[in-house]
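J.: Before I ask anything, let me first share the structure, which is written out below as structure tokens.
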Amino acid sequence: MIKQKFLSVAAAVGVALLVSACAENPSTETNEKATSAVHVSQQVEKSCMGCHAVDQEGKLERIESVRKSPEGWSQTIARMERTHGLTITDEEREQLITDLSRERGLAPEEAEKVQYWLANKPSYAEPDPKNESVAQSCINCHAAGRFEAQRRTEEEWKNLKDFHLVSYPSIYLNHRHMDWPQEADKAIEYLAKNYGVESKVWDQWKGNEYDVSGKWKVVGFQGTKGFYLGESEFTKADDRYSEKKSIKFLTGQETKQLNGDMKIYTGYMLRSHYKQNDHKINGFYNVTSENLIKGDWSYKEDLGISGEETYYKVQTKKPEIIHSEPRAWRKGSVNKVTFYGMNLNKLKEKDLSLPEGVELTKLTAVSDEQLTAEVKVDKKAESNMFVINGDQAAVHGKFTVYDQADYLKIEPSYGVSRMGGAGPMDKMSIQYVAYAYSKGKDGKKETEDDLKLGPVPAEWSLLPYPEGAEGRDDRPYIGKIAADGLYTPSVEGVNEEREFVQENVGSATVAAKAKVDGKELTVKSHHITTVPDYVNTIH
């Protein structure tokens with residue numbers, strides 16, 4: 001069953017569909033209004049039509065004017081239980097989420113844009129909203145992902161404003177620097193135009209469903225631990241899947257076994273629940289084709305421990321490269337590269353089409369799933385990203401030819417961790433990763449043609465924030481950063497050893513130092529440890 005999901009927000013929410021369902025059984029009057037067609041599903045009629053009537057267009061009021069992700073519908077149903085007295089069993093709740101996601105869900109193209117939100121990615125930096133009124137009236141309180149993960153009719157977007165005013169009357173005070181109702185009206189006009197309930201991509205997708213049964217190869221990345229490879233097998237039983245997966249990090253760590261239970265929503269959204277030793281792991285994946293699955297996972301007890309994964313369907317017809325180490329090749333040198341994939345014993349130099357100035361001088365098969373290569377790159381080759389095209393082989397991802405590594409960046413660029421662990425609230429750690437960059441063709445740092453070369457091993461440390469300023473130093477209290485970049489916050493609660501501020505909150509500067517291509521590079525970033533997410537938001 002989908003768990004309720006809460007991403008860190010400041011106050012108000014942007015989900016306001018009042019899917020009230022105050023009775024388990026529909027009234028006789030409601031039955032008389034209903035047409036012969038089933039509204040969404042029999043379970044929706046049973047659980048929701050006691051409060052939601054059928055409108056003049058023959059649609060179930062409010063419910064059939066909105067589309068959401070499974071997480072969005074789960075949150076709406078939870079609000080119906082919490083604030084409107086809906087009483088349902090776990091099985092009925094799961095059926096409601098399944099039915100609503102199938103009939104009133106998001107198309108793959110719509111969900112892809114808010115994957116970070118659905119997967120609860122910590123310290124994710126959203127792009128600035130394109131509309132100024134949205135930025136002023138909405139983003140001051142919550143992330144854009146909250147409203148971008150749903151679609152509404154114009155009337156339902158207008159209802160959202162009233163819902164905010166009723167649920168959060170203090171919104172006037174919170175936005176006293178502006179005329180919030182006026183700005184909200186402008187924002188609603190933009191949202192109704194760009195996030196309307198009618199959608200060609202939804203019409204094209206609705207009713208389709210992938211079957212992921214069978215064997216897959218897995219490529220994953222976990223910050224602080226690096227890339228890993230694995231094998232997976234999905235077995236279908238009724239409307240659910242079970243998964244057996246084994247992974248091994250390329251750094252040589254032990255093989256890990258995971259067993260998962262999962263369900264597919266809206267025909268392509270896989271939601272997984274794994275067990276790995278004492279850890280419970282939740283997965284949020286999208287099936288993007290018959291042969292490809294992409295998504296994210298995180299620890300249930302610590303959202304900061306997370307990773308990204310891509311699944312490739314096992315096939316035996318032709319060579320397929322699913323991962324390479326490294327993917328960035330330096331000009332004027334012979335780069336030693338390892339390719340990972342399937343059927344690589346069949347791969348020949350002529351099967352790969354490389355750009356001018358890039359030559360594959362040696363190819364040695366280690367096994368059917370791994371081969372080593374030497375790639376010679378001329379000094380005059382163009383610095384750029386490219387795809388290795390080949391009619392006889394499938395090669396995933398882009399490769400980079402670069403001149404030299406010029407600087408580092410830390411991801412996340414602005415880290416926010418949360419205390420926890422002493423009471424009911426969990427900690428939220430941060431996996432800091434250092435990435436090397438080249439300035440690109442223009443030779444200027446932080447411009448559009450800069451080339452991301454990939455993650456690099458780094459030495460990590462915490463410095464005072466702000467540096468050089470007299471005053472308190474939060475570092476002894478807020479948490480620690482490990483040698484691999486994993487920051488773990490302290491427990492919540494009063495710390496009697498501190499003056500003025502008695503909880504383990506505060507700021508620090510995160511510093512990384514790495515040696516890349518013989519050059520020592522350094523970078524700094526800002527870190528905050530703050531309180532647990534106590535806010536019980538209304539969705």
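Convention: chains lettered A, B, ... in structure tokens order; per-chain residue numbering from 1; ligands numbered from 1 as shown.
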Any chance you could list, as a list in words, the residues in range 352-491 of chain A that come up helix (DSSP H, G or I) when DSSP is run on the backbone?

T.: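 So, restricting range 352-491 of chain A to helix (DSSP H, G or I), we get Arg475, Pro476, Tyr477 and Ile478 of chain A.
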
J.: Could you please take those selected residues and save C-alpha atoms as a tab-separated table (two decimals), in the first residue's frame?

T.:
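Saved result, part24.tsv, follows:
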chain	number	residue	atom	x	y	z
A	475	ARG	CA	30.04	22.05	14.32
A	476	PRO	CA	30.49	20.26	17.67
A	477	TYR	CA	26.71	19.88	18.02
A	478	ILE	CA	24.96	19.55	14.67

J.: Identify, on the basis of only C-alpha atoms, every residue whose closest approach to Gly443 in chain A does not exceed 12 Å; exclude the query and any residue fewer than 4 positions from it along the same chain; express the result as a CSV table (one decimal) with C-alpha atoms, in the first residue's frame.

T.:
chain,number,residue,atom,x,y,z
A,383,SER,CA,35.6,19.0,-26.5
A,402,TYR,CA,37.4,17.1,-22.5
A,403,ASP,CA,40.7,19.0,-22.3
A,404,GLN,CA,41.2,19.1,-18.5
A,405,ALA,CA,39.4,19.1,-15.2
A,406,ASP,CA,39.1,22.7,-14.1
A,407,TYR,CA,36.9,22.8,-11.0
A,437,TYR,CA,33.9,19.8,-14.4
A,438,SER,CA,35.8,21.1,-17.4
A,439,LYS,CA,35.3,24.7,-18.6
A,447,THR,CA,28.8,28.7,-18.6
A,448,GLU,CA,26.5,26.6,-20.7
A,449,ASP,CA,29.2,24.6,-22.5
A,450,ASP,CA,30.9,23.4,-19.3
A,451,LEU,CA,31.3,19.6,-19.2

J.: Using only C-alpha atoms for the distances, tell me which of A:Ile305, A:Leu352, A:Ile247, A:Leu347 is nearest to Gly485 in chain A.

T.: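 Ranking A:Ile305, A:Leu352, A:Ile247, A:Leu347 by distance to Gly485 in chain A, first place goes to A:Ile305.
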
J.: Please list as a list in words every residue within 10 Å of Thr488 in chain A, counting only C-alpha atoms and excluding residues in the same chain fewer than 4 positions away.

T.: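 Those residues are Asp302, Gly304, Ser417, Arg418, Met419, Lys427, Met428, Ser429, Ile430, Gln431, Ile478, Gly479, Lys480, Ile481, Ala482 and Thr529 of chain A.
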
J.: Ranking A:Cys138, A:Ala508, A:Ile63, A:Met385 by minimum distance to His527 in chain A and counting only C-alpha atoms, which one comes first?

T.: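 Result for the nearest residue to His527 in chain A: A:Ala508.
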
J.: Considering only C-alpha atoms, can you say which of A:Asp484, A:Asp90, A:Asp162, A:Asp211 comes closest to Pro457 in chain A?

T.: A:Asp484

J.: Set out as JSON lines a contact list for range 134-236 of chain A and range 252-266 of chain A with a cut-off of 12 Å, giving each residue of range 134-236 of chain A that qualifies its closest atom pair and distance in Å to one decimal, counting only C-alpha atoms, ordered by chain and rising residue number.

T.:
{"residue": "A:Trp202", "atom": "CA", "partner": "A:Thr266", "partner_atom": "CA", "distance": 10.4}
{"residue": "A:Trp205", "atom": "CA", "partner": "A:Thr266", "partner_atom": "CA", "distance": 9.0}
{"residue": "A:Lys206", "atom": "CA", "partner": "A:Thr266", "partner_atom": "CA", "distance": 7.7}
{"residue": "A:Gly207", "atom": "CA", "partner": "A:Thr266", "partner_atom": "CA", "distance": 8.1}
{"residue": "A:Asn208", "atom": "CA", "partner": "A:Thr266", "partner_atom": "CA", "distance": 8.0}
{"residue": "A:Glu209", "atom": "CA", "partner": "A:Thr266", "partner_atom": "CA", "distance": 7.2}
{"residue": "A:Tyr210", "atom": "CA", "partner": "A:Ile264", "partner_atom": "CA", "distance": 8.5}
{"residue": "A:Asp211", "atom": "CA", "partner": "A:Ile264", "partner_atom": "CA", "distance": 9.0}
{"residue": "A:Val212", "atom": "CA", "partner": "A:Ile264", "partner_atom": "CA", "distance": 9.3}
{"residue": "A:Ser213", "atom": "CA", "partner": "A:Ile264", "partner_atom": "CA", "distance": 11.6}
{"residue": "A:Lys225", "atom": "CA", "partner": "A:Gln253", "partner_atom": "CA", "distance": 9.3}
{"residue": "A:Gly226", "atom": "CA", "partner": "A:Gln253", "partner_atom": "CA", "distance": 10.7}
{"residue": "A:Phe227", "atom": "CA", "partner": "A:Gly252", "partner_atom": "CA", "distance": 10.6}
{"residue": "A:Tyr228", "atom": "CA", "partner": "A:Gly252", "partner_atom": "CA", "distance": 9.4}
{"residue": "A:Leu229", "atom": "CA", "partner": "A:Thr255", "partner_atom": "CA", "distance": 9.7}
{"residue": "A:Gly230", "atom": "CA", "partner": "A:Thr255", "partner_atom": "CA", "distance": 8.8}
{"residue": "A:Glu231", "atom": "CA", "partner": "A:Gln257", "partner_atom": "CA", "distance": 9.9}
{"residue": "A:Ser232", "atom": "CA", "partner": "A:Leu258", "partner_atom": "CA", "distance": 9.3}
{"residue": "A:Glu233", "atom": "CA", "partner": "A:Asn259", "partner_atom": "CA", "distance": 10.0}
{"residue": "A:Phe234", "atom": "CA", "partner": "A:Gly260", "partner_atom": "CA", "distance": 9.2}
{"residue": "A:Thr235", "atom": "CA", "partner": "A:Asp261", "partner_atom": "CA", "distance": 9.8}
{"residue": "A:Lys236", "atom": "CA", "partner": "A:Lys263", "partner_atom": "CA", "distance": 9.5}

J.: For Glu94 in chain A, work out the shell of residues within 12 Å, counting only C-alpha atoms and skipping chain neighbours fewer than 5 positions away, then give it as a list in words.

T.: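 So, after excluding close chain neighbours, the residues are Met1, Ile2, Lys3, Gln43, Val44, Pro70, Glu71, Trp73, Ser74, Gln75, Ile77, Ala78, Ile88, Thr89, Asp99, Leu100, Ser101, Asp239, Lys263 and Tyr265 of chain A.
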
J.: Since we have the selection now, will you write its residues out, keeping N, CA and C atoms, as a JSON list (two decimals), in the first residue's frame?

T.:
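Dumped everything to result-v9.json:
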[["chain", "number", "residue", "atom", "x", "y", "z"],
["A", 1, "MET", "N", 0.84, -1.19, 0.00],
["A", 1, "MET", "CA", 0.00, 0.00, 0.00],
["A", 1, "MET", "C", 0.88, 1.24, 0.00],
["A", 2, "ILE", "N", 0.46, 2.24, -0.79],
["A", 2, "ILE", "CA", 1.22, 3.48, -0.85],
["A", 2, "ILE", "C", 1.22, 4.15, 0.51],
["A", 3, "LYS", "N", 2.38, 4.54, 0.98],
["A", 3, "LYS", "CA", 2.49, 5.23, 2.25],
["A", 3, "LYS", "C", 2.26, 6.72, 2.03],
["A", 43, "GLN", "N", -15.45, 0.63, -6.42],
["A", 43, "GLN", "CA", -14.96, 0.99, -5.09],
["A", 43, "GLN", "C", -15.08, 2.48, -4.86],
["A", 44, "VAL", "N", -14.82, 3.28, -5.88],
["A", 44, "VAL", "CA", -14.96, 4.73, -5.75],
["A", 44, "VAL", "C", -16.42, 5.08, -5.50],
["A", 70, "PRO", "N", -0.32, 8.34, -7.75],
["A", 70, "PRO", "CA", -0.78, 7.48, -6.65],
["A", 70, "PRO", "C", -0.53, 8.11, -5.29],
["A", 71, "GLU", "N", 0.62, 8.81, -5.15],
["A", 71, "GLU", "CA", 0.91, 9.48, -3.89],
["A", 71, "GLU", "C", -0.11, 10.58, -3.62],
["A", 73, "TRP", "N", -3.27, 10.76, -4.69],
["A", 73, "TRP", "CA", -4.55, 10.16, -4.30],
["A", 73, "TRP", "C", -4.47, 9.57, -2.90],
["A", 74, "SER", "N", -3.33, 8.99, -2.56],
["A", 74, "SER", "CA", -3.17, 8.45, -1.21],
["A", 74, "SER", "C", -3.30, 9.54, -0.16],
["A", 75, "GLN", "N", -2.70, 10.69, -0.44],
["A", 75, "GLN", "CA", -2.78, 11.80, 0.50],
["A", 75, "GLN", "C", -4.20, 12.35, 0.60],
["A", 77, "ILE", "N", -7.01, 10.68, 0.10],
["A", 77, "ILE", "CA", -7.82, 9.72, 0.86],
["A", 77, "ILE", "C", -7.50, 9.82, 2.35],
["A", 78, "ALA", "N", -6.22, 10.00, 2.68],
["A", 78, "ALA", "CA", -5.84, 10.16, 4.09],
["A", 78, "ALA", "C", -6.50, 11.39, 4.69],
["A", 88, "ILE", "N", -12.62, 3.26, 6.08],
["A", 88, "ILE", "CA", -12.39, 2.22, 5.08],
["A", 88, "ILE", "C", -11.33, 1.26, 5.60],
["A", 89, "THR", "N", -11.30, 0.07, 5.02],
["A", 89, "THR", "CA", -10.28, -0.91, 5.37],
["A", 89, "THR", "C", -9.01, -0.64, 4.57],
["A", 99, "ASP", "N", -7.56, 2.38, -8.41],
["A", 99, "ASP", "CA", -8.59, 2.78, -9.38],
["A", 99, "ASP", "C", -8.45, 4.24, -9.79],
["A", 100, "LEU", "N", -8.25, 5.11, -8.83],
["A", 100, "LEU", "CA", -8.12, 6.53, -9.13],
["A", 100, "LEU", "C", -6.86, 6.81, -9.95],
["A", 101, "SER", "N", -5.77, 6.12, -9.65],
["A", 101, "SER", "CA", -4.54, 6.30, -10.42],
["A", 101, "SER", "C", -4.71, 5.81, -11.85],
["A", 239, "ASP", "N", -2.22, -8.88, -9.13],
["A", 239, "ASP", "CA", -1.98, -7.49, -9.54],
["A", 239, "ASP", "C", -0.70, -6.94, -8.93],
["A", 263, "LYS", "N", 3.95, -2.92, -6.79],
["A", 263, "LYS", "CA", 2.73, -2.84, -7.56],
["A", 263, "LYS", "C", 2.90, -1.78, -8.63],
["A", 265, "TYR", "N", 1.14, 1.13, -10.86],
["A", 265, "TYR", "CA", 0.01, 2.06, -10.89],
["A", 265, "TYR", "C", 0.01, 2.80, -12.23]]

J.: Applying 10 Å and only C-alpha atoms, which residues near Lys113 in chain A remain after dropping the ones on its own chain fewer than 3 positions away? List them as a list in words.

T.: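 Those residues are Pro108, Glu109, Glu110, Tyr116, Trp117, Leu118, Gly145, Glu148 and Ala149 of chain A.
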
J.: Near range 326-328 of chain A, counting only C-alpha atoms, which residues have an atom at most 8 Å away, once you skip same-chain residues fewer than 4 positions from it, shown as a list of chain:residue names?

T.: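 My list of contacting residues is A:Val337, A:Thr338, A:Lys398, A:Phe399, A:Thr400, A:Val401, A:Tyr402, A:Leu453, A:Gly454.
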
J.: Those same residues - N, CA and C atoms - I'd like them written as a CSV table (one decimal), in the first residue's frame.

T.:
chain,number,residue,atom,x,y,z
A,337,VAL,N,39.3,2.2,-20.4
A,337,VAL,CA,37.8,2.2,-20.2
A,337,VAL,C,37.3,0.8,-20.0
A,338,THR,N,36.4,0.6,-19.1
A,338,THR,CA,35.7,-0.7,-18.9
A,338,THR,C,34.2,-0.5,-19.2
A,398,LYS,N,25.6,9.1,-22.6
A,398,LYS,CA,26.5,10.0,-23.4
A,398,LYS,C,27.9,9.9,-22.8
A,399,PHE,N,28.9,10.2,-23.7
A,399,PHE,CA,30.3,10.2,-23.3
A,399,PHE,C,30.8,11.6,-23.5
A,400,THR,N,32.0,11.9,-22.9
A,400,THR,CA,32.5,13.2,-23.0
A,400,THR,C,34.0,13.2,-23.3
A,401,VAL,N,34.3,14.1,-24.3
A,401,VAL,CA,35.8,14.3,-24.6
A,401,VAL,C,36.1,15.7,-24.0
A,402,TYR,N,37.1,15.8,-23.2
A,402,TYR,CA,37.4,17.1,-22.5
A,402,TYR,C,38.9,17.3,-22.5
A,453,LEU,N,32.2,15.9,-15.8
A,453,LEU,CA,33.0,14.7,-16.0
A,453,LEU,C,32.6,13.5,-15.2
A,454,GLY,N,31.9,13.7,-14.1
A,454,GLY,CA,31.5,12.6,-13.3
A,454,GLY,C,31.9,12.8,-11.8

J.: Near Lys121 in chain A, counting only C-alpha atoms, which residues have an atom at most 10 Å away, once you skip same-chain residues fewer than 6 positions from it, shown as a list in words?

T.: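 Residues near the query, excluding close chain neighbours: Leu7, Gln115, Asp296, Trp297, Ser298, Leu303, Gly304, Ile305, Ser306 and Gly307 of chain A.
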
J.: Go ahead and write the residues just picked, C-alpha atoms, as an mmCIF file, in the first residue's frame.

T.:
data_model
loop_
_atom_site.group_PDB
_atom_site.id
_atom_site.type_symbol
_atom_site.label_atom_id
_atom_site.label_comp_id
_atom_site.auth_asym_id
_atom_site.auth_seq_id
_atom_site.Cartn_x
_atom_site.Cartn_y
_atom_site.Cartn_z
ATOM 1 C CA LEU A 7 8.270 16.443 1.577
ATOM 2 C CA GLN A 115 9.859 12.479 -10.348
ATOM 3 C CA ASP A 296 14.838 6.239 -7.272
ATOM 4 C CA TRP A 297 14.918 4.542 -3.891
ATOM 5 C CA SER A 298 15.438 5.715 -0.305
ATOM 6 C CA LEU A 303 15.291 9.692 3.285
ATOM 7 C CA GLY A 304 18.826 11.043 2.896
ATOM 8 C CA ILE A 305 20.156 7.544 2.195
ATOM 9 C CA SER A 306 19.015 7.184 -1.396
ATOM 10 C CA GLY A 307 20.039 6.206 -4.895
#

J.: Based on the backbone DSSP call, show me all residues of range 181-361 of chain A assigned strand (DSSP E), as a ChimeraX atom specification.

T.: /A:214-222,226-237,240-249,256-265,269-276,279-289,292-299,306-313,320-325,328-330,333-342,358-361

J.: Rounded to one decimal, what separation in Å do you get between CA of Lys513 in chain A and CA of Glu467 in chain A?

T.: 17.0 Å

J.: Could you tell me how far CA of Ser199 in chain A lies from CA of Met49 in chain A, in Å and to one decimal?

T.: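 Straight-line distance from CA of Ser199 in chain A to CA of Met49 in chain A works out to 25.8 Å.
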